[in-house]
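Coordinates as given in start34.cif (mmCIF, C-alpha atoms):
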data_final
loop_
_atom_site.group_PDB
_atom_site.id
_atom_site.type_symbol
_atom_site.label_atom_id
_atom_site.label_comp_id
_atom_site.auth_asym_id
_atom_site.auth_seq_id
_atom_site.Cartn_x
_atom_site.Cartn_y
_atom_site.Cartn_z
ATOM 1 C CA MET H 512 -0.211 -18.460 77.900
ATOM 2 C CA VAL H 513 -0.499 -21.652 79.883
ATOM 3 C CA GLY H 514 0.652 -24.733 77.974
ATOM 4 C CA ASP H 515 -1.171 -24.932 74.651
ATOM 5 C CA GLN H 516 -4.055 -22.781 75.798
ATOM 6 C CA THR H 517 -4.702 -19.293 74.536
ATOM 7 C CA PRO H 518 -5.794 -16.601 76.986
ATOM 8 C CA SER H 519 -9.413 -16.962 75.851
ATOM 9 C CA SER H 520 -9.397 -20.751 76.362
ATOM 10 C CA VAL H 521 -8.013 -20.217 79.886
ATOM 11 C CA GLN H 522 -10.852 -17.782 80.545
ATOM 12 C CA ASP H 523 -13.336 -20.271 79.118
ATOM 13 C CA THR H 524 -11.976 -23.056 81.326
ATOM 14 C CA LEU H 525 -12.187 -20.912 84.450
ATOM 15 C CA THR H 526 -15.692 -19.765 83.504
ATOM 16 C CA ASN H 527 -16.776 -23.388 82.960
ATOM 17 C CA LEU H 528 -15.376 -24.315 86.369
ATOM 18 C CA ARG H 529 -17.350 -21.473 87.944
ATOM 19 C CA ILE H 530 -20.535 -22.590 86.170
ATOM 20 C CA ALA H 531 -19.907 -26.212 87.177
ATOM 21 C CA ASP H 532 -19.801 -25.124 90.810
ATOM 22 C CA GLY H 533 -23.335 -23.853 90.328
ATOM 23 C CA VAL H 534 -25.211 -21.413 92.454
ATOM 24 C CA ALA H 535 -27.880 -22.764 94.747
ATOM 25 C CA ALA H 536 -31.182 -21.009 95.076
ATOM 26 C CA PRO H 537 -31.014 -18.238 97.637
ATOM 27 C CA PRO H 538 -32.355 -19.272 101.040
ATOM 28 C CA THR H 539 -35.733 -18.118 102.150
ATOM 29 C CA GLY H 540 -35.427 -16.137 105.346
ATOM 30 C CA PRO H 541 -32.295 -14.917 107.092
ATOM 31 C CA LEU H 542 -28.961 -16.156 105.815
ATOM 32 C CA THR H 543 -27.209 -18.560 108.172
ATOM 33 C CA LEU H 544 -23.645 -19.792 108.343
ATOM 34 C CA GLU H 545 -24.909 -23.249 107.405
ATOM 35 C CA ASP H 546 -26.516 -21.805 104.256
ATOM 36 C CA LEU H 547 -23.255 -20.122 103.318
ATOM 37 C CA TYR H 548 -21.340 -23.343 103.905
ATOM 38 C CA LYS H 549 -23.702 -25.381 101.725
ATOM 39 C CA GLN H 550 -23.801 -22.804 98.947
ATOM 40 C CA HIS H 551 -20.211 -21.632 98.748
ATOM 41 C CA ARG H 552 -17.900 -24.245 100.262
ATOM 42 C CA MET H 553 -17.085 -26.087 97.029
ATOM 43 C CA ARG H 554 -16.610 -22.881 95.068
ATOM 44 C CA LEU H 555 -14.238 -21.565 97.721
ATOM 45 C CA ILE H 556 -12.327 -24.850 97.780
ATOM 46 C CA ARG H 557 -11.947 -24.656 94.023
ATOM 47 C CA LEU H 558 -10.737 -21.055 94.340
ATOM 48 C CA ALA H 559 -8.189 -22.070 96.975
ATOM 49 C CA LEU H 560 -7.171 -25.108 94.937
ATOM 50 C CA LEU H 561 -6.433 -22.916 91.936
ATOM 51 C CA LEU H 562 -4.285 -20.712 94.177
ATOM 52 C CA VAL H 563 -2.404 -23.294 96.286
ATOM 53 C CA ASP H 564 -2.564 -26.307 93.934
ATOM 54 C CA GLU H 565 -3.031 -28.854 96.696
ATOM 55 C CA PRO H 566 -6.479 -30.250 97.628
ATOM 56 C CA ALA H 567 -5.855 -30.853 101.330
ATOM 57 C CA THR H 568 -4.319 -27.413 101.786
ATOM 58 C CA ALA H 569 -7.172 -25.796 99.851
ATOM 59 C CA GLU H 570 -9.699 -27.464 102.151
ATOM 60 C CA ASP H 571 -7.743 -26.286 105.195
ATOM 61 C CA VAL H 572 -7.700 -22.716 103.884
ATOM 62 C CA VAL H 573 -11.461 -22.749 103.342
ATOM 63 C CA GLN H 574 -12.085 -24.315 106.736
ATOM 64 C CA GLU H 575 -10.017 -21.568 108.359
ATOM 65 C CA ALA H 576 -12.049 -18.946 106.464
ATOM 66 C CA PHE H 577 -15.330 -20.415 107.742
ATOM 67 C CA THR H 578 -13.879 -20.641 111.250
ATOM 68 C CA GLY H 579 -12.949 -16.961 111.094
ATOM 69 C CA LEU H 580 -16.416 -16.073 109.845
ATOM 70 C CA TYR H 581 -17.989 -18.085 112.649
ATOM 71 C CA ARG H 582 -15.939 -16.194 115.241
ATOM 72 C CA ASN H 583 -17.027 -12.863 113.741
ATOM 73 C CA TRP H 584 -20.592 -13.817 112.753
ATOM 74 C CA LYS H 585 -22.270 -11.642 115.403
ATOM 75 C CA GLY H 586 -20.192 -8.642 114.363
ATOM 76 C CA LEU H 587 -21.288 -8.760 110.709
ATOM 77 C CA ARG H 588 -23.391 -5.753 109.763
ATOM 78 C CA ASP H 589 -24.645 -7.362 106.580
ATOM 79 C CA ALA H 590 -24.962 -11.133 106.248
ATOM 80 C CA GLN H 591 -24.700 -10.771 102.468
ATOM 81 C CA ALA H 592 -21.189 -9.370 102.935
ATOM 82 C CA ALA H 593 -20.193 -12.716 104.422
ATOM 83 C CA VAL H 594 -19.473 -14.155 100.958
ATOM 84 C CA GLY H 595 -17.021 -11.336 100.277
ATOM 85 C CA TYR H 596 -15.472 -11.910 103.701
ATOM 86 C CA LEU H 597 -15.047 -15.610 102.935
ATOM 87 C CA ARG H 598 -13.564 -14.972 99.508
ATOM 88 C CA THR H 599 -11.094 -12.454 100.947
ATOM 89 C CA ALA H 600 -10.205 -14.842 103.777
ATOM 90 C CA VAL H 601 -9.561 -17.654 101.282
ATOM 91 C CA VAL H 602 -7.333 -15.445 99.129
ATOM 92 C CA ASN H 603 -5.413 -14.183 102.167
ATOM 93 C CA GLY H 604 -5.125 -17.703 103.593
ATOM 94 C CA SER H 605 -3.815 -18.962 100.255
ATOM 95 C CA ARG H 606 -1.264 -16.155 100.171
ATOM 96 C CA SER H 607 -0.098 -17.142 103.644
ATOM 97 C CA VAL H 608 0.305 -20.753 102.549
ATOM 98 C CA LEU H 609 2.322 -19.686 99.529
ATOM 99 C CA ARG H 610 4.516 -17.413 101.669
ATOM 100 C CA ARG H 611 5.204 -20.262 104.101
ATOM 101 C CA ARG H 612 6.061 -22.549 101.198
ATOM 102 C CA LYS H 613 8.452 -19.993 99.752
ATOM 103 C CA THR H 614 10.085 -19.475 103.130
ATOM 104 C CA ALA H 615 10.484 -23.228 103.556
ATOM 105 C CA ARG H 616 11.965 -23.568 100.051
ATOM 106 C CA ASP H 617 14.345 -20.650 100.577
ATOM 107 C CA TYR H 618 15.592 -21.903 103.936
ATOM 108 C CA THR H 619 19.125 -23.188 103.771
ATOM 109 C CA PRO H 620 20.124 -25.058 106.897
ATOM 110 C CA PRO H 621 23.431 -24.003 108.373
ATOM 111 C CA HIS H 622 26.363 -25.947 107.006
ATOM 112 C CA VAL H 623 27.251 -28.832 109.239
ATOM 113 C CA ALA H 624 30.947 -29.495 108.928
ATOM 114 C CA ASN H 625 32.192 -33.010 109.419
ATOM 115 C CA ALA H 626 28.747 -34.528 109.623
ATOM 116 C CA ARG H 627 29.032 -38.064 110.900
ATOM 117 C CA SER H 628 27.273 -41.054 109.453
ATOM 118 C CA ALA H 629 24.744 -42.988 111.524
ATOM 119 C CA GLU H 630 27.214 -45.838 111.791
ATOM 120 C CA SER H 631 29.967 -43.600 113.159
ATOM 121 C CA LEU H 632 27.511 -42.099 115.658
ATOM 122 C CA ALA H 633 26.533 -45.585 116.809
ATOM 123 C CA MET H 634 30.195 -46.472 117.193
ATOM 124 C CA LEU H 635 30.819 -43.219 119.014
ATOM 125 C CA THR H 636 28.005 -44.036 121.385
ATOM 126 C CA ALA H 637 29.413 -47.508 122.060
ATOM 127 C CA GLU H 638 32.915 -46.065 122.483
ATOM 128 C CA HIS H 639 31.551 -43.315 124.711
ATOM 129 C CA GLN H 640 29.829 -45.876 126.921
ATOM 130 C CA ALA H 641 33.034 -47.918 127.179
ATOM 131 C CA VAL H 642 35.032 -44.840 128.201
ATOM 132 C CA VAL H 643 32.445 -43.856 130.813
ATOM 133 C CA LYS H 644 32.534 -47.373 132.275
ATOM 134 C CA ALA H 645 36.334 -47.325 132.284
ATOM 135 C CA LEU H 646 36.368 -43.902 133.985
ATOM 136 C CA GLN H 647 34.167 -45.311 136.752
ATOM 137 C CA GLN H 648 36.901 -47.828 137.545
ATOM 138 C CA LEU H 649 39.525 -45.124 138.168
ATOM 139 C CA PRO H 650 40.170 -43.704 141.625
ATOM 140 C CA PRO H 651 38.122 -40.510 142.279
ATOM 141 C CA ARG H 652 41.070 -38.083 141.962
ATOM 142 C CA GLN H 653 42.241 -39.570 138.644
ATOM 143 C CA ARG H 654 38.665 -39.504 137.325
ATOM 144 C CA GLU H 655 38.260 -35.846 138.384
ATOM 145 C CA VAL H 656 41.521 -34.779 136.758
ATOM 146 C CA LEU H 657 40.716 -36.488 133.438
ATOM 147 C CA VAL H 658 37.149 -35.214 133.330
ATOM 148 C CA LEU H 659 38.211 -31.651 134.147
ATOM 149 C CA ARG H 660 41.036 -31.795 131.613
ATOM 150 C CA TYR H 661 39.349 -33.440 128.644
ATOM 151 C CA TYR H 662 35.674 -32.795 129.209
ATOM 152 C CA GLY H 663 35.929 -29.485 131.040
ATOM 153 C CA ASP H 664 38.851 -28.363 128.844
ATOM 154 C CA LEU H 665 40.562 -26.788 131.855
ATOM 155 C CA SER H 666 44.251 -25.994 132.073
ATOM 156 C CA GLU H 667 46.494 -27.639 134.659
ATOM 157 C CA ALA H 668 46.372 -24.475 136.766
ATOM 158 C CA GLU H 669 42.550 -24.393 136.625
ATOM 159 C CA ILE H 670 42.349 -28.076 137.565
ATOM 160 C CA ALA H 671 44.754 -27.497 140.460
ATOM 161 C CA GLU H 672 42.577 -24.654 141.695
ATOM 162 C CA ALA H 673 39.326 -26.619 141.276
ATOM 163 C CA THR H 674 40.624 -29.748 143.036
ATOM 164 C CA GLY H 675 42.872 -28.150 145.619
ATOM 165 C CA ILE H 676 46.045 -29.977 144.518
ATOM 166 C CA SER H 677 49.312 -28.636 143.086
ATOM 167 C CA LYS H 678 50.004 -28.266 139.353
ATOM 168 C CA GLY H 679 52.696 -30.943 139.552
ATOM 169 C CA THR H 680 50.238 -33.365 141.160
ATOM 170 C CA VAL H 681 47.712 -32.600 138.396
ATOM 171 C CA LYS H 682 50.335 -33.520 135.760
ATOM 172 C CA SER H 683 51.370 -36.766 137.423
ATOM 173 C CA THR H 684 47.771 -37.742 138.255
ATOM 174 C CA ALA H 685 46.688 -37.125 134.648
ATOM 175 C CA SER H 686 49.573 -39.217 133.346
ATOM 176 C CA ARG H 687 48.809 -42.129 135.699
ATOM 177 C CA ALA H 688 45.082 -41.858 134.961
ATOM 178 C CA LEU H 689 45.626 -42.034 131.183
ATOM 179 C CA ASP H 690 47.848 -45.090 131.583
ATOM 180 C CA ALA H 691 45.280 -46.794 133.821
ATOM 181 C CA LEU H 692 42.436 -45.883 131.447
ATOM 182 C CA GLN H 693 44.355 -47.271 128.492
ATOM 183 C CA LYS H 694 44.945 -50.575 130.325
ATOM 184 C CA ILE H 695 41.266 -50.827 131.299
ATOM 185 C CA MET H 696 40.174 -50.156 127.704
ATOM 186 C CA ALA H 697 42.660 -52.666 126.307
ATOM 187 C CA GLY H 698 41.399 -55.347 128.707
ATOM 188 C CA ARG H 699 37.870 -55.166 127.291
#
As structure tokens, the full file:
Amino acid sequence: MVGDQTPSSVQDTLTNLRIADGVAAPPTGPLTLEDLYKQHRMRLIRLALLLVDEPATAEDVVQEAFTGLYRNWKGLRDAQAAVGYLRTAVVNGSRSVLRRRKTARDYTPPHVANARSAESLAMLTAEHQAVVKALQQLPPRQREVLVLRYYGDLSEAEIAEATGISKGTVKSTASRALDALQKIMAGR
């Protein structure tokens, strides 16, 4: 049962909808795609609408069915079978829409830990820009050591190898660079 309706009243409603769609007089001469469109478009839209429950989507489904028929029109053995083709295409298209909807509803985005607010991201961007400007004021070796250490996440040994300086020089350069960076940032 749907709502207050009994099964017979549901059948009556659907029958009345079918009758309201009407059936145009059959064309005289060979059946064309235009004839099919004029005669069956609204009925197919109503069918799709009952399946997908969204007018714009129902129209899209029917349009896709007619597009498919147009592509295969020359391959049809019997033009009268075109109505069955269209009906099947509308049902299959509606099923596809419903599957996509279900997939979209069932999708759970991966958990984002520590999601930042827009305000914190804006502040991070401003802070990031300030740090980049401050880094530009450091001597090249100090800048390299800090970038390799904190951005590249390299160890002192890896930094020494990458820059061609000793581990002890990496330590002292990093220490001086942090002090200089802190003074530059404080002076802003």
TODO: Might you pull out every residue within 10 Å of Ser607 in chain H, with all atoms listed in the file counted and same-chain residues fewer than 5 positions away left off, and present them as a PyMOL selection string?
DONE: chain H and resi 563+572+601-602+612-613
Output file for the selection above: C-alpha atoms, as an mmCIF file, in the frame of the given file:
data_model
loop_
_atom_site.group_PDB
_atom_site.id
_atom_site.type_symbol
_atom_site.label_atom_id
_atom_site.label_comp_id
_atom_site.auth_asym_id
_atom_site.auth_seq_id
_atom_site.Cartn_x
_atom_site.Cartn_y
_atom_site.Cartn_z
ATOM 1 C CA VAL H 563 -2.404 -23.294 96.286
ATOM 2 C CA VAL H 572 -7.700 -22.716 103.884
ATOM 3 C CA VAL H 601 -9.561 -17.654 101.282
ATOM 4 C CA VAL H 602 -7.333 -15.445 99.129
ATOM 5 C CA ARG H 612 6.061 -22.549 101.198
ATOM 6 C CA LYS H 613 8.452 -19.993 99.752
#
Open item on the list: If we count all atoms listed in the file and set the cut-off at 8 Å, which residues sit around range 581-589 of chain H, ignoring sequence neighbours fewer than 4 positions away in its own chain? Please answer as a list of chain:residue names.
Closed with: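 Final neighbour list, sorted by chain and number: H:Leu544, H:Phe577, H:Ala593.
Distance-wise, CA of Glu672 in chain H and CA of Ala641 in chain H end up 29.0 Å apart.
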Task: Residue members of the PyMOL selection byres ((chain H and resi 545-561) around 8) in the file shown, as a list of chain:residue names - done: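 Going through the file, the PyMOL selection byres ((chain H and resi 545-561) around 8) ends up selecting H:Arg529, H:Asp532, H:Val534, H:Ala535, H:Pro538, H:Leu542, H:Thr543, H:Leu544, H:Leu562, H:Val563, H:Asp564, H:Glu565, H:Pro566, H:Thr568, H:Ala569, H:Glu570, H:Val572, H:Val573, H:Phe577, H:Val594, H:Leu597, H:Arg598, H:Val601, H:Val602, H:Ser605.
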Open item on the list: Please expand the PyMOL selection byres ((chain H and resi 673) around 12) into the concrete residues it hits in this file, giving the result as an MDAnalysis selection string.
Closed with: chainID H and resid 652 655:656 658:660 663 665:672 674:678 681
Those residues you just picked out, can you put them in a file as a compact mmCIF listing (two decimals), in the frame of the given file with C-alpha atoms?
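Output contents, as saved in part.txt:
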# COMPACT_ATOMS: atom_id res chain seq x y z
CA ARG H 652 41.07 -38.08 141.96
CA GLU H 655 38.26 -35.85 138.38
CA VAL H 656 41.52 -34.78 136.76
CA VAL H 658 37.15 -35.21 133.33
CA LEU H 659 38.21 -31.65 134.15
CA ARG H 660 41.04 -31.80 131.61
CA GLY H 663 35.93 -29.48 131.04
CA LEU H 665 40.56 -26.79 131.85
CA SER H 666 44.25 -25.99 132.07
CA GLU H 667 46.49 -27.64 134.66
CA ALA H 668 46.37 -24.48 136.77
CA GLU H 669 42.55 -24.39 136.62
CA ILE H 670 42.35 -28.08 137.56
CA ALA H 671 44.75 -27.50 140.46
CA GLU H 672 42.58 -24.65 141.70
CA THR H 674 40.62 -29.75 143.04
CA GLY H 675 42.87 -28.15 145.62
CA ILE H 676 46.04 -29.98 144.52
CA SER H 677 49.31 -28.64 143.09
CA LYS H 678 50.00 -28.27 139.35
CA VAL H 681 47.71 -32.60 138.40
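A straight line drawn from CA of Ala645 in chain H to CA of Thr684 in chain H is 16.1 Å long.
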TODO: Could you check how far CA of Leu609 in chain H sits from CA of Ala576 in chain H, in Å to one decimal?
DONE: 16.0 Å
Open item on the list: I'd like to know which of H:Leu580, H:Val643, H:Ala637, H:Val608 is closest to Gly595 in chain H, using all atoms listed in the file.
Closed with: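 Nearest to Gly595 in chain H: H:Leu580.
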